[in-house]
$ cat input.pdb   # PDB, C-alpha atoms
ATOM      1  CA  MET C   1       9.965  -7.718-101.356
ATOM      2  CA  THR C   2       8.969  -9.732-104.417
ATOM      3  CA  ARG C   3      10.190  -7.943-107.518
ATOM      4  CA  LYS C   4       7.182  -7.056-109.610
ATOM      5  CA  LEU C   5       6.452  -4.155-111.902
ATOM      6  CA  LEU C   6       3.415  -2.407-110.474
ATOM      7  CA  ILE C   7       1.015  -0.005-112.127
ATOM      8  CA  ILE C   8      -0.755   2.034-109.463
ATOM      9  CA  ILE C   9      -4.335   2.901-110.372
ATOM     10  CA  GLY C  10      -5.258   6.352-109.086
ATOM     11  CA  LEU C  11      -3.319   9.451-108.169
ATOM     12  CA  ILE C  12      -0.713   9.704-105.442
ATOM     13  CA  SER C  13      -0.484  12.778-103.251
ATOM     14  CA  PHE C  14       1.431  13.542-100.101
ATOM     15  CA  GLN C  15      -0.603  15.130 -97.340
ATOM     16  CA  PHE C  16       0.415  15.822 -93.764
ATOM     17  CA  SER C  17      -1.689  13.982 -91.214
ATOM     18  CA  ILE C  18      -2.505  15.989 -88.079
ATOM     19  CA  ALA C  19      -4.990  13.681 -86.346
ATOM     20  CA  GLN C  20      -6.644  10.323 -86.584
ATOM     21  CA  ILE C  21     -10.129   9.113 -85.840
ATOM     22  CA  GLN C  22     -11.245   5.562 -85.112
ATOM     23  CA  GLY C  23     -14.750   4.170 -85.407
ATOM     24  CA  THR C  24     -16.866   1.142 -86.162
ATOM     25  CA  ILE C  25     -19.259   0.687 -89.072
ATOM     26  CA  ILE C  26     -22.433  -1.186 -88.169
ATOM     27  CA  ASN C  27     -25.681  -2.307 -89.756
ATOM     28  CA  SER C  28     -28.394   0.090 -88.579
ATOM     29  CA  ASP C  29     -31.003  -2.696 -88.590
ATOM     30  CA  THR C  30     -29.100  -5.518 -86.874
ATOM     31  CA  ASN C  31     -26.288  -3.660 -85.029
ATOM     32  CA  GLN C  32     -23.817  -6.123 -86.539
ATOM     33  CA  SER C  33     -20.463  -4.822 -87.716
ATOM     34  CA  ILE C  34     -19.876  -4.336 -91.444
ATOM     35  CA  SER C  35     -16.650  -5.850 -92.715
ATOM     36  CA  PHE C  36     -14.518  -4.446 -95.547
ATOM     37  CA  ALA C  37     -16.412  -1.198 -96.146
ATOM     38  CA  SER C  38     -14.611   1.489 -98.175
ATOM     39  CA  ILE C  39     -14.008   4.863 -96.532
ATOM     40  CA  TRP C  40     -12.427   7.903 -98.135
ATOM     41  CA  ILE C  41     -12.266  11.658 -97.684
ATOM     42  CA  GLU C  42     -13.990  13.250-100.640
ATOM     43  CA  ASN C  43     -11.724  14.925-103.214
ATOM     44  CA  THR C  44      -8.519  13.712-101.524
ATOM     45  CA  ASN C  45      -6.242  10.706-101.744
ATOM     46  CA  ILE C  46      -6.893   9.615 -98.165
ATOM     47  CA  GLY C  47      -8.927   6.532 -97.422
ATOM     48  CA  THR C  48      -9.041   3.139 -95.781
ATOM     49  CA  THR C  49     -11.102  -0.037 -95.351
ATOM     50  CA  SER C  50     -12.912  -1.336 -92.290
ATOM     51  CA  ASP C  51     -11.476  -4.591 -90.964
ATOM     52  CA  LYS C  52     -13.326  -7.863 -90.402
ATOM     53  CA  ASN C  53     -14.832  -6.375 -87.211
ATOM     54  CA  GLY C  54     -16.003  -3.193 -88.943
ATOM     55  CA  VAL C  55     -13.306  -1.061 -87.260
ATOM     56  CA  TYR C  56     -11.527   1.655 -89.237
ATOM     57  CA  GLN C  57      -8.950   4.385 -88.636
ATOM     58  CA  LEU C  58      -8.816   7.512 -90.763
ATOM     59  CA  ASP C  59      -6.328  10.356 -90.869
ATOM     60  CA  LYS C  60      -7.487  13.963 -90.664
ATOM     61  CA  THR C  61      -5.732  16.695 -92.622
ATOM     62  CA  ASP C  62      -6.152  20.437 -93.007
ATOM     63  CA  ASN C  63      -8.528  19.926 -95.930
ATOM     64  CA  SER C  64     -10.645  17.131 -94.396
ATOM     65  CA  ASN C  65     -14.299  17.710 -95.203
ATOM     66  CA  ILE C  66     -16.762  15.053 -96.310
ATOM     67  CA  VAL C  67     -16.120  11.381 -95.539
ATOM     68  CA  VAL C  68     -17.788   8.772 -97.755
ATOM     69  CA  PHE C  69     -18.761   5.341 -96.397
ATOM     70  CA  SER C  70     -19.596   2.657 -98.955
ATOM     71  CA  ALA C  71     -20.281  -1.058 -98.495
ATOM     72  CA  ILE C  72     -21.844  -3.606-100.783
ATOM     73  CA  GLY C  73     -25.486  -4.171 -99.851
ATOM     74  CA  TYR C  74     -25.787  -0.829 -98.029
ATOM     75  CA  GLN C  75     -26.712   2.750 -98.833
ATOM     76  CA  THR C  76     -23.691   5.037 -99.205
ATOM     77  CA  GLN C  77     -23.320   7.742 -96.546
ATOM     78  CA  ARG C  78     -21.548  11.119 -96.752
ATOM     79  CA  ILE C  79     -20.731  12.690 -93.377
ATOM     80  CA  GLU C  80     -18.775  15.809 -92.417
ATOM     81  CA  PHE C  81     -15.503  14.812 -90.786
ATOM     82  CA  ASP C  82     -16.122  16.879 -87.646
ATOM     83  CA  LEU C  83     -19.524  15.207 -87.180
ATOM     84  CA  LEU C  84     -18.209  11.635 -87.220
ATOM     85  CA  LYS C  85     -19.199   9.495 -84.243
ATOM     86  CA  ASP C  86     -17.691   6.346 -82.786
ATOM     87  CA  SER C  87     -20.266   4.264 -84.672
ATOM     88  CA  ILE C  88     -21.296   4.850 -88.273
ATOM     89  CA  ARG C  89     -24.635   3.230 -89.053
ATOM     90  CA  LEU C  90     -25.343   2.173 -92.633
ATOM     91  CA  LYS C  91     -28.793   1.172 -93.807
ATOM     92  CA  SER C  92     -29.060  -2.046 -95.769
ATOM     93  CA  ILE C  93     -30.694  -2.003 -99.178
ATOM     94  CA  SER C  94     -34.172  -3.483 -98.830
ATOM     95  CA  GLU C  95     -33.977  -5.535-102.022
ATOM     96  CA  PRO C  96     -30.232  -6.254-102.277
ATOM     97  CA  TYR C  97     -30.262  -7.947-105.657
ATOM     98  CA  PRO C  98     -32.721  -9.313-108.205
ATOM     99  CA  LYS C  99     -34.052 -12.795-107.739
ATOM    100  CA  LEU C 100     -31.598 -15.166-109.368
ATOM    101  CA  GLU C 101     -33.062 -17.238-112.155
ATOM    102  CA  ASN C 102     -33.345 -21.019-112.324
ATOM    103  CA  ILE C 103     -31.818 -21.624-108.928
ATOM    104  CA  ASN C 104     -31.300 -25.312-108.289
ATOM    105  CA  SER C 105     -28.757 -26.099-105.582
ATOM    106  CA  SER C 106     -28.687 -29.772-106.570
ATOM    107  CA  ARG C 107     -27.879 -29.240-110.252
ATOM    108  CA  LYS C 108     -24.923 -31.238-111.520
ATOM    109  CA  LYS C 109     -22.362 -29.410-113.622
ATOM    110  CA  LYS C 110     -21.376 -31.291-116.761
ATOM    111  CA  ARG C 111     -20.220 -28.736-119.296
ATOM    112  CA  THR C 112     -17.935 -25.743-118.782
ATOM    113  CA  THR C 113     -16.793 -22.761-120.845
ATOM    114  CA  SER C 114     -13.624 -20.760-120.140
ATOM    115  CA  ILE C 115     -13.341 -17.058-120.957
ATOM    116  CA  GLY C 116     -10.252 -14.870-120.741
ATOM    117  CA  LYS C 117      -7.464 -17.425-120.418
ATOM    118  CA  TYR C 118      -4.066 -15.937-119.557
ATOM    119  CA  ASP C 119      -0.479 -17.190-119.538
ATOM    120  CA  LYS C 120       0.847 -17.058-115.985
ATOM    121  CA  ALA C 121       4.480 -17.469-117.034
ATOM    122  CA  LYS C 122       4.361 -14.575-119.512
ATOM    123  CA  THR C 123       2.597 -12.113-117.177
ATOM    124  CA  LYS C 124       5.231  -9.821-115.663
ATOM    125  CA  ARG C 125       3.297  -6.647-114.830
ATOM    126  CA  PHE C 126       0.720  -6.113-112.118
ATOM    127  CA  PHE C 127      -1.931  -3.688-110.944
ATOM    128  CA  GLY C 128      -1.044  -2.496-107.425
ATOM    129  CA  ALA C 129      -2.794  -0.515-104.699
ATOM    130  CA  GLY C 130      -1.878   2.869-103.339
ATOM    131  CA  ASN C 131      -3.098   3.801 -99.855
ATOM    132  CA  LEU C 132      -6.686   4.404-100.909
ATOM    133  CA  PRO C 133      -9.381   1.772-101.518
ATOM    134  CA  GLY C 134      -9.838   1.221-105.223
ATOM    135  CA  ILE C 135     -11.338  -1.198-107.716
ATOM    136  CA  THR C 136     -10.055  -2.363-111.080
ATOM    137  CA  ALA C 137     -12.652  -4.032-113.302
ATOM    138  CA  ARG C 138     -12.716  -5.921-116.576
ATOM    139  CA  PHE C 139     -15.732  -6.163-118.871
ATOM    140  CA  PHE C 140     -16.734  -9.440-120.537
ATOM    141  CA  GLU C 141     -19.078  -9.358-123.512
ATOM    142  CA  TYR C 142     -21.936 -11.844-123.705
ATOM    143  CA  ASN C 143     -21.889 -14.528-126.374
ATOM    144  CA  ASN C 144     -24.951 -16.521-127.387
ATOM    145  CA  SER C 145     -22.967 -19.721-126.900
ATOM    146  CA  TYR C 146     -22.953 -19.013-123.143
ATOM    147  CA  SER C 147     -26.608 -20.050-123.013
ATOM    148  CA  LYS C 148     -25.384 -23.662-122.848
ATOM    149  CA  THR C 149     -23.235 -22.911-119.786
ATOM    150  CA  PRO C 150     -24.949 -19.851-118.288
ATOM    151  CA  PHE C 151     -23.786 -19.942-114.651
ATOM    152  CA  LEU C 152     -20.662 -18.342-113.177
ATOM    153  CA  ASN C 153     -18.783 -21.282-111.705
ATOM    154  CA  GLU C 154     -15.291 -19.988-110.892
ATOM    155  CA  ILE C 155     -13.081 -16.919-111.191
ATOM    156  CA  SER C 156      -9.310 -17.283-111.533
ATOM    157  CA  ILE C 157      -7.181 -14.177-111.018
ATOM    158  CA  LEU C 158      -3.387 -13.972-111.221
ATOM    159  CA  THR C 159      -2.085 -12.611-107.915
ATOM    160  CA  SER C 160       1.337 -11.728-106.575
ATOM    161  CA  SER C 161       1.678 -11.259-102.827
ATOM    162  CA  ASP C 162       4.503 -10.695-100.371
ATOM    163  CA  ILE C 163       2.387 -12.000 -97.491
ATOM    164  CA  SER C 164       0.295 -15.099 -96.951
ATOM    165  CA  ARG C 165      -3.507 -14.960 -96.946
ATOM    166  CA  ALA C 166      -3.957 -11.464 -98.389
ATOM    167  CA  LYS C 167      -7.678 -10.739 -98.760
ATOM    168  CA  PHE C 168      -9.507  -8.891-101.537
ATOM    169  CA  LEU C 169     -13.093  -8.465-102.713
ATOM    170  CA  ILE C 170     -14.744  -9.631-105.930
ATOM    171  CA  LYS C 171     -17.593  -7.402-107.108
ATOM    172  CA  LEU C 172     -19.898  -8.251-110.014
ATOM    173  CA  TYR C 173     -21.734  -5.534-111.959
ATOM    174  CA  LYS C 174     -24.234  -5.199-114.765
ATOM    175  CA  LYS C 175     -23.609  -2.733-117.579
ATOM    176  CA  ASP C 176     -25.542   0.515-117.160
ATOM    177  CA  SER C 177     -27.293   2.531-119.875
ATOM    178  CA  VAL C 178     -24.082   4.307-120.970
ATOM    179  CA  GLY C 179     -21.806   1.272-120.806
ATOM    180  CA  ASN C 180     -20.239   1.817-117.382
ATOM    181  CA  PRO C 181     -20.287  -0.604-114.436
ATOM    182  CA  GLY C 182     -23.783  -0.263-113.000
ATOM    183  CA  ASP C 183     -25.873  -2.190-110.473
ATOM    184  CA  TYR C 184     -24.425  -5.050-108.497
ATOM    185  CA  ILE C 185     -25.405  -8.518-109.641
ATOM    186  CA  TYR C 186     -24.696  -9.965-106.202
ATOM    187  CA  HIS C 187     -25.041  -7.757-103.132
ATOM    188  CA  LYS C 188     -22.836  -9.561-100.643
ATOM    189  CA  ASN C 189     -19.098  -9.685-100.116
ATOM    190  CA  ILE C 190     -17.265 -12.275-102.203
ATOM    191  CA  ILE C 191     -13.870 -12.613-100.553
ATOM    192  CA  GLY C 192     -10.761 -13.863-102.310
ATOM    193  CA  VAL C 193      -7.662 -15.012-100.408
ATOM    194  CA  SER C 194      -4.270 -15.173-102.104
ATOM    195  CA  ARG C 195      -1.224 -17.059-100.866
ATOM    196  CA  ARG C 196       2.313 -15.756-100.924
ATOM    197  CA  GLY C 197       4.075 -15.548-104.280
ATOM    198  CA  LYS C 198       2.818 -15.455-107.848
ATOM    199  CA  ARG C 199      -0.072 -17.831-108.470
ATOM    200  CA  SER C 200      -3.536 -18.206-109.933
ATOM    201  CA  THR C 201      -6.026 -17.585-107.127
ATOM    202  CA  LYS C 202      -9.390 -19.255-107.641
ATOM    203  CA  ILE C 203     -12.747 -18.147-106.215
ATOM    204  CA  ASN C 204     -15.576 -20.674-106.343
ATOM    205  CA  LEU C 205     -18.973 -19.158-107.209
ATOM    206  CA  SER C 206     -20.851 -22.376-107.944
ATOM    207  CA  ASP C 207     -23.149 -22.123-104.919
ATOM    208  CA  LEU C 208     -24.311 -18.600-105.798
ATOM    209  CA  ASN C 209     -26.195 -19.628-108.959
ATOM    210  CA  ILE C 210     -25.415 -16.383-110.784
ATOM    211  CA  LYS C 211     -26.188 -16.215-114.487
ATOM    212  CA  PHE C 212     -23.969 -14.372-116.936
ATOM    213  CA  PRO C 213     -25.971 -11.217-117.876
ATOM    214  CA  GLU C 214     -26.986 -10.970-121.533
ATOM    215  CA  LYS C 215     -25.749  -7.364-121.662
ATOM    216  CA  GLY C 216     -22.303  -8.371-120.423
ATOM    217  CA  LEU C 217     -20.521  -8.620-117.089
ATOM    218  CA  PHE C 218     -18.052  -6.429-115.200
ATOM    219  CA  VAL C 219     -15.804  -8.276-112.749
ATOM    220  CA  GLY C 220     -14.239  -5.897-110.241
ATOM    221  CA  ILE C 221     -11.315  -6.596-107.905
ATOM    222  CA  GLU C 222     -11.138  -4.360-104.811
ATOM    223  CA  TRP C 223      -8.071  -3.897-102.627
ATOM    224  CA  LEU C 224      -8.619  -3.931 -98.863
ATOM    225  CA  ILE C 225      -6.569  -1.309 -97.021
ATOM    226  CA  ILE C 226      -6.418  -3.269 -93.767
ATOM    227  CA  GLU C 227      -3.646  -4.125 -91.314
ATOM    228  CA  ASP C 228      -3.726  -7.805 -92.289
ATOM    229  CA  ASN C 229      -2.811  -6.866 -95.886
ATOM    230  CA  LYS C 230       0.012  -4.473 -95.031
ATOM    231  CA  PHE C 231       3.564  -5.327 -96.091
ATOM    232  CA  GLU C 232       6.489  -3.187 -94.923
ATOM    233  CA  TYR C 233       9.708  -3.309 -96.916
ATOM    234  CA  SER C 234      13.038  -1.570 -97.327
ATOM    235  CA  TYR C 235      14.700  -0.453-100.538
ATOM    236  CA  ILE C 236      17.584   1.578-101.897
ATOM    237  CA  SER C 237      16.843   4.663-104.003
ATOM    238  CA  PRO C 238      19.495   6.139-106.321
ATOM    239  CA  GLY C 239      20.780   9.427-104.928
ATOM    240  CA  LYS C 240      19.451   8.731-101.426
ATOM    241  CA  LYS C 241      21.562   7.722 -98.437
ATOM    242  CA  GLY C 242      20.778   4.501 -96.634
ATOM    243  CA  GLU C 243      17.710   2.323 -96.830
ATOM    244  CA  LEU C 244      14.234   3.755 -97.265
ATOM    245  CA  THR C 245      11.049   2.095 -96.008
ATOM    246  CA  ASP C 246       7.577   1.964 -97.462
ATOM    247  CA  ILE C 247       4.413  -0.132 -97.286
ATOM    248  CA  SER C 248       2.215  -1.887 -99.808
ATOM    249  CA  TYR C 249      -1.224  -3.409 -99.483
ATOM    250  CA  GLU C 250      -1.269  -6.891-100.933
ATOM    251  CA  PRO C 251      -1.921  -8.592-103.274
ATOM    252  CA  ALA C 252      -1.145  -7.180-106.702
ATOM    253  CA  PHE C 253      -3.160  -8.452-109.689
ATOM    254  CA  GLY C 254      -1.790  -9.656-112.999
ATOM    255  CA  MET C 255      -1.920  -7.382-116.020
ATOM    256  CA  ILE C 256      -2.070  -8.439-119.656
ATOM    257  CA  SER C 257      -1.933  -6.267-122.760
ATOM    258  CA  SER C 258      -4.300  -5.984-125.704
ATOM    259  CA  SER C 259      -4.146  -3.807-128.791
ATOM    260  CA  THR C 260      -7.917  -3.983-129.307
ATOM    261  CA  LEU C 261      -9.802  -4.723-126.070
ATOM    262  CA  ASN C 262     -10.651  -1.437-124.354
ATOM    263  CA  ASN C 263     -12.354  -3.232-121.459
ATOM    264  CA  SER C 264     -10.595  -2.003-118.294
ATOM    265  CA  TRP C 265     -12.104   0.334-115.718
ATOM    266  CA  SER C 266     -10.980   1.920-112.469
ATOM    267  CA  PHE C 267     -13.100   3.067-109.515
ATOM    268  CA  PHE C 268     -11.328   5.792-107.576
ATOM    269  CA  GLN C 269     -12.691   8.472-105.217
ATOM    270  CA  GLY C 270     -16.254   7.445-106.004
ATOM    271  CA  HIS C 271     -16.055   7.535-109.808
ATOM    272  CA  TRP C 272     -15.659   4.962-112.606
ATOM    273  CA  THR C 273     -13.264   5.832-115.412
ATOM    274  CA  ARG C 274     -12.088   3.781-118.358
ATOM    275  CA  ILE C 275      -8.364   3.020-118.194
ATOM    276  CA  PRO C 276      -6.741   4.592-121.281
ATOM    277  CA  LYS C 277      -4.076   3.139-123.535
ATOM    278  CA  ASP C 278      -0.566   2.951-122.187
ATOM    279  CA  PRO C 279       1.161   5.860-123.992
ATOM    280  CA  ARG C 280       4.430   3.930-124.150
ATOM    281  CA  ASN C 281       3.243   1.008-126.250
ATOM    282  CA  HIS C 282      -0.310   2.119-127.188
ATOM    283  CA  GLU C 283      -1.879  -0.995-125.666
ATOM    284  CA  PHE C 284      -4.742  -1.484-123.253
ATOM    285  CA  LYS C 285      -4.118  -3.133-119.889
ATOM    286  CA  LEU C 286      -6.509  -5.841-118.691
ATOM    287  CA  LEU C 287      -6.752  -7.873-115.522
ATOM    288  CA  ALA C 288      -5.328 -11.373-115.967
ATOM    289  CA  LEU C 289      -8.659 -12.885-115.093
ATOM    290  CA  GLU C 290     -10.407 -16.020-116.324
ATOM    291  CA  LEU C 291     -14.069 -16.978-115.926
ATOM    292  CA  GLU C 292     -15.375 -20.519-115.919
ATOM    293  CA  LEU C 293     -19.048 -20.948-116.809
ATOM    294  CA  SER C 294     -21.038 -24.102-116.240
ATOM    295  CA  ASP C 295     -24.469 -25.526-117.002
TER     296      ASP C 295
END
$ encode --input "input.pdb" --output "structure tokens"
Amino acid sequence: MTRKLLIIIGLISFQFSIAQIQGTIINSDTNQSISFASIWIENTNIGTTSDKNGVYQLDKTDNSNIVVFSAIGYQTQRIEFDLLKDSIRLKSISEPYPKLENINSSRKKKRTTSIGKYDKAKTKRFFGAGNLPGITARFFEYNNSYSKTPFLNEISILTSSDISRAKFLIKLYKKDSVGNPGDYIYHKNIIGVSRRGKRSTKINLSDLNIKFPEKGLFVGIEWLIIEDNKFEYSYISPGKKGELTDISYEPAFGMISSSTLNNSWSFFQGHWTRIPKDPRNHEFKLLALELELSD
């Protein structure tokens, strides 16, 4: 396993699984499967992600109760575990996102602006996933100078992966009335794919014609708890006999430190929370994430 210092966002608990259920998440209007939906048991640390065919598997425990199904572009559903059926039907949002301004697919990009540059060589720590779907987000303030290059052209995120072609989701949010991540700016999956090793993974957004919001932008990175992203590894633990095994869901995302920028957020078990200062060095942790804007 690649040696990388991981910070796991969210709580870890150990719960005994007594059963498992499998189902498929589908669009209630078109009957098409819904890829990469998030599923979790409310108020527990048990969850998963539907695969590219909308199929999911979920463990049942003694305290299983309400299961939450959430997918970008669809209404969230809460269903009692014992009432789950083979197919979970989600209703699409009738107006998935506001009409994008000044759309011109033939526009030629001449000028660019970069925001949030990071040093790949100096980044040694990473945000990692537990076994529950989660999102880490970074907020970018608006600057009047962005009016000259208003469109999101490319996102570059530092990734570290022990497998090839690990998939993750990019989610873009407006700021809500209290400063938290609010409504989606773009209501479709934006899929990133990272190669093995430590590298800058780039996601091209030029064809989406998305403008940088004047109230600021949250860029969220969501782990996909799917079989294709699973990495099994062995390790030695002090005081334990023999090798131990564990799994991780790839990739991990680069982490940089700041003494002033309190701009990191975590979405876990259905709630956004601001990531606090690291008590060891009193610094904030941000995603190593760069935006390129263009005209």
$ closest_residue --input "input.pdb" --among "C:Met255, C:Ile185, C:Leu293, C:Ile275" --to "C:Asp119" --atoms "only C-alpha atoms"
C:Met255
$ resolve_selection --input "input.pdb" --expression "the PyMOL selection byres ((chain C and resi 249) around 7)" --output "PyMOL selection string"
chain C and resi 129+225+229-231+247-248+250-251
$ resolve_selection --input "input.pdb" --expression "the PyMOL selection byres ((chain C and resi 80) around 9)" --output "ChimeraX atom specification"
/C:64-68,78-79,81-84
$ write_last_selection --input "input.pdb" --atoms "C-alpha atoms" --output "PDB file, keeping the file's coordinate frame"
ATOM      1  CA  SER C  64     -10.645  17.131 -94.396  1.00  0.00           C
ATOM      2  CA  ASN C  65     -14.299  17.710 -95.203  1.00  0.00           C
ATOM      3  CA  ILE C  66     -16.762  15.053 -96.310  1.00  0.00           C
ATOM      4  CA  VAL C  67     -16.120  11.381 -95.539  1.00  0.00           C
ATOM      5  CA  VAL C  68     -17.788   8.772 -97.755  1.00  0.00           C
ATOM      6  CA  ARG C  78     -21.548  11.119 -96.752  1.00  0.00           C
ATOM      7  CA  ILE C  79     -20.731  12.690 -93.377  1.00  0.00           C
ATOM      8  CA  PHE C  81     -15.503  14.812 -90.786  1.00  0.00           C
ATOM      9  CA  ASP C  82     -16.122  16.879 -87.646  1.00  0.00           C
ATOM     10  CA  LEU C  83     -19.524  15.207 -87.180  1.00  0.00           C
ATOM     11  CA  LEU C  84     -18.209  11.635 -87.220  1.00  0.00           C
TER      12      LEU C  84
END
$ atom_distance --input "input.pdb" --atom1 "atom CA of C:Arg199" --atom2 "atom CA of C:Ser50"
26.4 Å
$ resolve_selection --input "input.pdb" --expression "the PyMOL selection byres ((chain C and resi 114-118) around 6)" --output "PyMOL selection string"
chain C and resi 113+119+288+290-292
$ closest_residue --input "input.pdb" --among "C:Pro133, C:Gly23, C:Gly47, C:Gly239" --to "C:Leu224" --atoms "only C-alpha atoms"
C:Pro133
$ closest_residue --input "input.pdb" --among "C:Ser257, C:Thr136, C:Ser164, C:Thr24" --to "C:Arg274" --atoms "all atoms listed in the file"
C:Thr136
$ closest_residue --input "input.pdb" --among "C:Glu222, C:Glu42, C:Asp183, C:Asp228" --to "C:Lys60" --atoms "all atoms listed in the file"
C:Glu42
$ residues_around --input "input.pdb" --residues "C:Lys188" --least-positions-apart "2" --cutoff "7 Å" --atoms "only C-alpha atoms" --output "PyMOL selection string"
chain C and resi 72-73+186+190
$ atom_distance --input "input.pdb" --atom1 "atom CA of C:Pro213" --atom2 "atom CA of C:Pro181"
12.5 Å
$ residues_around --input "input.pdb" --residues "stretch 145-162 of chain C" --least-positions-apart "4" --cutoff "6 Å" --atoms "all atoms listed in the file" --output "PyMOL selection string"
chain C and resi 196-206+210-212+250-254+288-295
$ closest_residue --input "input.pdb" --among "C:His271, C:Lys167, C:Arg111, C:Arg138" --to "C:Leu287" --atoms "all atoms listed in the file"
C:Arg138
$ atom_distance --input "input.pdb" --atom1 "atom CA of C:Leu172" --atom2 "atom CA of C:Gln57"
27.1 Å
$ closest_residue --input "input.pdb" --among "C:Thr48, C:Thr76, C:Gly179, C:Tyr233" --to "C:Phe140" --atoms "all atoms listed in the file"
C:Gly179
$ residues_near_point --input "input.pdb" --point "(-15.2, -3.5, -94.2)" --cutoff "7 Å" --atoms "all atoms listed in the file" --output "PDB file with C-alpha atoms, keeping the file's coordinate frame"
ATOM      1  CA  ILE C  34     -19.876  -4.336 -91.444  1.00  0.00           C
ATOM      2  CA  SER C  35     -16.650  -5.850 -92.715  1.00  0.00           C
ATOM      3  CA  PHE C  36     -14.518  -4.446 -95.547  1.00  0.00           C
ATOM      4  CA  ALA C  37     -16.412  -1.198 -96.146  1.00  0.00           C
ATOM      5  CA  SER C  38     -14.611   1.489 -98.175  1.00  0.00           C
ATOM      6  CA  THR C  49     -11.102  -0.037 -95.351  1.00  0.00           C
ATOM      7  CA  SER C  50     -12.912  -1.336 -92.290  1.00  0.00           C
ATOM      8  CA  ASP C  51     -11.476  -4.591 -90.964  1.00  0.00           C
ATOM      9  CA  LYS C  52     -13.326  -7.863 -90.402  1.00  0.00           C
ATOM     10  CA  GLY C  54     -16.003  -3.193 -88.943  1.00  0.00           C
TER      11      GLY C  54
END
$ residues_around --input "input.pdb" --residues "C:Gly216" --least-positions-apart "3" --cutoff "9 Å" --atoms "only C-alpha atoms" --output "list in words"
Phe139, Phe140, Glu141, Tyr142, Asn143, Tyr173, Lys174, Lys175, Phe212 and Pro213 of chain C
$ write_last_selection --input "input.pdb" --atoms "C-alpha atoms" --output "PDB file, in the coordinates of the input"
ATOM      1  CA  PHE C 139     -15.732  -6.163-118.871  1.00  0.00           C
ATOM      2  CA  PHE C 140     -16.734  -9.440-120.537  1.00  0.00           C
ATOM      3  CA  GLU C 141     -19.078  -9.358-123.512  1.00  0.00           C
ATOM      4  CA  TYR C 142     -21.936 -11.844-123.705  1.00  0.00           C
ATOM      5  CA  ASN C 143     -21.889 -14.528-126.374  1.00  0.00           C
ATOM      6  CA  TYR C 173     -21.734  -5.534-111.959  1.00  0.00           C
ATOM      7  CA  LYS C 174     -24.234  -5.199-114.765  1.00  0.00           C
ATOM      8  CA  LYS C 175     -23.609  -2.733-117.579  1.00  0.00           C
ATOM      9  CA  PHE C 212     -23.969 -14.372-116.936  1.00  0.00           C
ATOM     10  CA  PRO C 213     -25.971 -11.217-117.876  1.00  0.00           C
TER      11      PRO C 213
END
$ residues_around --input "input.pdb" --residues "C:Gln32" --least-positions-apart "3" --cutoff "12 Å" --atoms "only C-alpha atoms" --output "short mmCIF file (atom, residue, chain, number, x, y, z; two decimals) with C-alpha atoms, in the frame of the given file"
data_model
loop_
_atom_site.label_atom_id
_atom_site.label_comp_id
_atom_site.auth_asym_id
_atom_site.auth_seq_id
_atom_site.Cartn_x
_atom_site.Cartn_y
_atom_site.Cartn_z
CA THR C 24 -16.87 1.14 -86.16
CA ILE C 25 -19.26 0.69 -89.07
CA ILE C 26 -22.43 -1.19 -88.17
CA ASN C 27 -25.68 -2.31 -89.76
CA SER C 28 -28.39 0.09 -88.58
CA ASP C 29 -31.00 -2.70 -88.59
CA SER C 35 -16.65 -5.85 -92.72
CA LYS C 52 -13.33 -7.86 -90.40
CA ASN C 53 -14.83 -6.38 -87.21
CA GLY C 54 -16.00 -3.19 -88.94
CA VAL C 55 -13.31 -1.06 -87.26
CA SER C 87 -20.27 4.26 -84.67
CA ILE C 88 -21.30 4.85 -88.27
CA ARG C 89 -24.64 3.23 -89.05
CA LEU C 90 -25.34 2.17 -92.63
CA LYS C 91 -28.79 1.17 -93.81
CA SER C 92 -29.06 -2.05 -95.77
#
$ residues_near_point --input "input.pdb" --point "(-14.2, -5.2, -105.6)" --cutoff "6 Å" --atoms "all atoms listed in the file" --output "PDB file with C-alpha atoms, keeping the file's coordinate frame"
ATOM      1  CA  ILE C 135     -11.338  -1.198-107.716  1.00  0.00           C
ATOM      2  CA  LEU C 169     -13.093  -8.465-102.713  1.00  0.00           C
ATOM      3  CA  ILE C 170     -14.744  -9.631-105.930  1.00  0.00           C
ATOM      4  CA  LYS C 171     -17.593  -7.402-107.108  1.00  0.00           C
ATOM      5  CA  GLY C 220     -14.239  -5.897-110.241  1.00  0.00           C
ATOM      6  CA  ILE C 221     -11.315  -6.596-107.905  1.00  0.00           C
ATOM      7  CA  GLU C 222     -11.138  -4.360-104.811  1.00  0.00           C
TER       8      GLU C 222
END
